[in-house]
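Novice: Sharing a structure with you now.
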Amino acid sequence: MPTPKVPLTPLVAEGDPAEALVAAATGADHLVVGTRGRSPFMGVVLGSVSLRCAASAPWLVTLVKLQAEEPKV
């Protein structure tokens with residue numbers, strides 16, 4: 001695994017994923033969250049952790065769309 005150019009602190013948290021991410025990022029300047037890129041309909045039906053983080057965090061949130069996985073044969 002390559003060494004990141006920014007300091008990272010691993011953390012394991014329990015509870016609602018969006019609330020846990022925002023709480024863990026308290027004091028940070030920026031939160032980066034990956035998104036699967038589901039359809040808008042699926043995001044509404046299933047909820048979207050990344051969108052909830054973006055809506056509730058009081059600091060900059062960047063959503064990064066993950067690349068599609070290769071189909072498994």
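Residue numbering restarts at 1 in every chain; chains get A, B, ... in the order shown in the structure tokens, and ligands count up from 1 in that same order.
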Excluding Val32 (chain A) and any residue of its chain fewer than 6 positions from it, enumerate the residues within 8 Å of it, using only C-alpha atoms, and give them as a list in words.

Specialist: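 Here the qualifying residues turn out to be Val61, Thr62, Leu63 and Val64 of chain A.
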
Novice: Please report the interatomic distance between CA of Arg52 (chain A) and CA of Pro4 (chain A) in Å with one decimal.

Specialist: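 That distance, rounded to one decimal, is 26.0 Å.
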
Novice: Pick out the residues sitting within 12 Å of Gly27 (chain A), and hand them over as a compact mmCIF listing (two decimals) with all heavy atoms, in the first residue's frame; count only C-alpha atoms, and ignore anything fewer than 5 positions along from it in its own chain.

Specialist:
# COMPACT_ATOMS: atom_id res chain seq x y z
N VAL A 22 -18.99 12.14 10.73
CA VAL A 22 -18.97 13.57 11.05
C VAL A 22 -18.40 13.79 12.45
O VAL A 22 -17.58 14.69 12.67
CB VAL A 22 -20.38 14.20 10.90
CG1 VAL A 22 -20.41 15.63 11.41
CG2 VAL A 22 -20.80 14.16 9.42
N ALA A 57 -22.21 18.15 7.98
CA ALA A 57 -20.89 18.61 8.45
C ALA A 57 -20.77 20.12 8.26
O ALA A 57 -21.12 20.65 7.22
CB ALA A 57 -19.78 17.90 7.70
N PRO A 58 -20.24 20.83 9.27
CA PRO A 58 -20.10 22.28 9.17
C PRO A 58 -18.82 22.71 8.45
O PRO A 58 -18.50 23.88 8.46
CB PRO A 58 -20.09 22.73 10.63
CG PRO A 58 -19.51 21.58 11.37
CD PRO A 58 -19.95 20.35 10.62
N TRP A 59 -18.09 21.79 7.86
CA TRP A 59 -16.85 22.10 7.15
C TRP A 59 -16.91 21.51 5.76
O TRP A 59 -17.87 20.84 5.39
CB TRP A 59 -15.63 21.57 7.93
CG TRP A 59 -15.79 20.14 8.32
CD1 TRP A 59 -15.58 19.04 7.54
CD2 TRP A 59 -16.27 19.65 9.56
NE1 TRP A 59 -15.89 17.90 8.22
CE2 TRP A 59 -16.30 18.24 9.46
CE3 TRP A 59 -16.66 20.24 10.74
CZ2 TRP A 59 -16.73 17.42 10.52
CZ3 TRP A 59 -17.08 19.41 11.78
CH2 TRP A 59 -17.10 18.04 11.66
N LEU A 60 -15.89 21.73 5.00
CA LEU A 60 -15.81 21.26 3.62
C LEU A 60 -15.89 19.73 3.56
O LEU A 60 -15.19 19.05 4.30
CB LEU A 60 -14.50 21.72 2.98
CG LEU A 60 -14.22 21.27 1.56
CD1 LEU A 60 -15.24 21.85 0.60
CD2 LEU A 60 -12.82 21.68 1.15

Novice: How far is it from CA of Glu19 (chain A) to CA of Val6 (chain A), in Å with one decimal?

Specialist: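 Distance between the two atoms: 23.3 Å.
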
Novice: Kindly give the distance, in Å, that separates CA of Ala20 (chain A) and CA of Lys5 (chain A), rounded to a single decimal.

Specialist: 24.2 Å

Novice: List as a ChimeraX atom specification the protein and nucleic acid residues near Pro10 (chain A), meaning an atom at most 12 Å away when only C-alpha atoms are counted, but skip any in the same chain fewer than 6 places from it.

Specialist: /A:21,24-25

Novice: Let's have the selection written as a CSV table (one decimal), in the first residue's frame, with N, CA and C atoms.

Specialist:
chain,number,residue,atom,x,y,z
A,21,LEU,N,-19.0,9.3,11.1
A,21,LEU,CA,-18.0,10.0,10.3
A,21,LEU,C,-17.9,11.5,10.6
A,24,ALA,N,-16.3,11.8,14.1
A,24,ALA,CA,-14.9,11.5,14.0
A,24,ALA,C,-14.1,12.6,13.4
A,25,ALA,N,-14.7,13.4,12.5
A,25,ALA,CA,-14.0,14.5,11.8
A,25,ALA,C,-14.1,15.8,12.5

Novice: Neighbouring residues of region 16-18 of chain A were defined as those with any atom within 10 Å, considering only C-alpha atoms; residues of the same chain fewer than 5 positions away were excluded. Please report them as an NGL selection string.

Specialist: :A and (23-24 or 33 or 48-57)
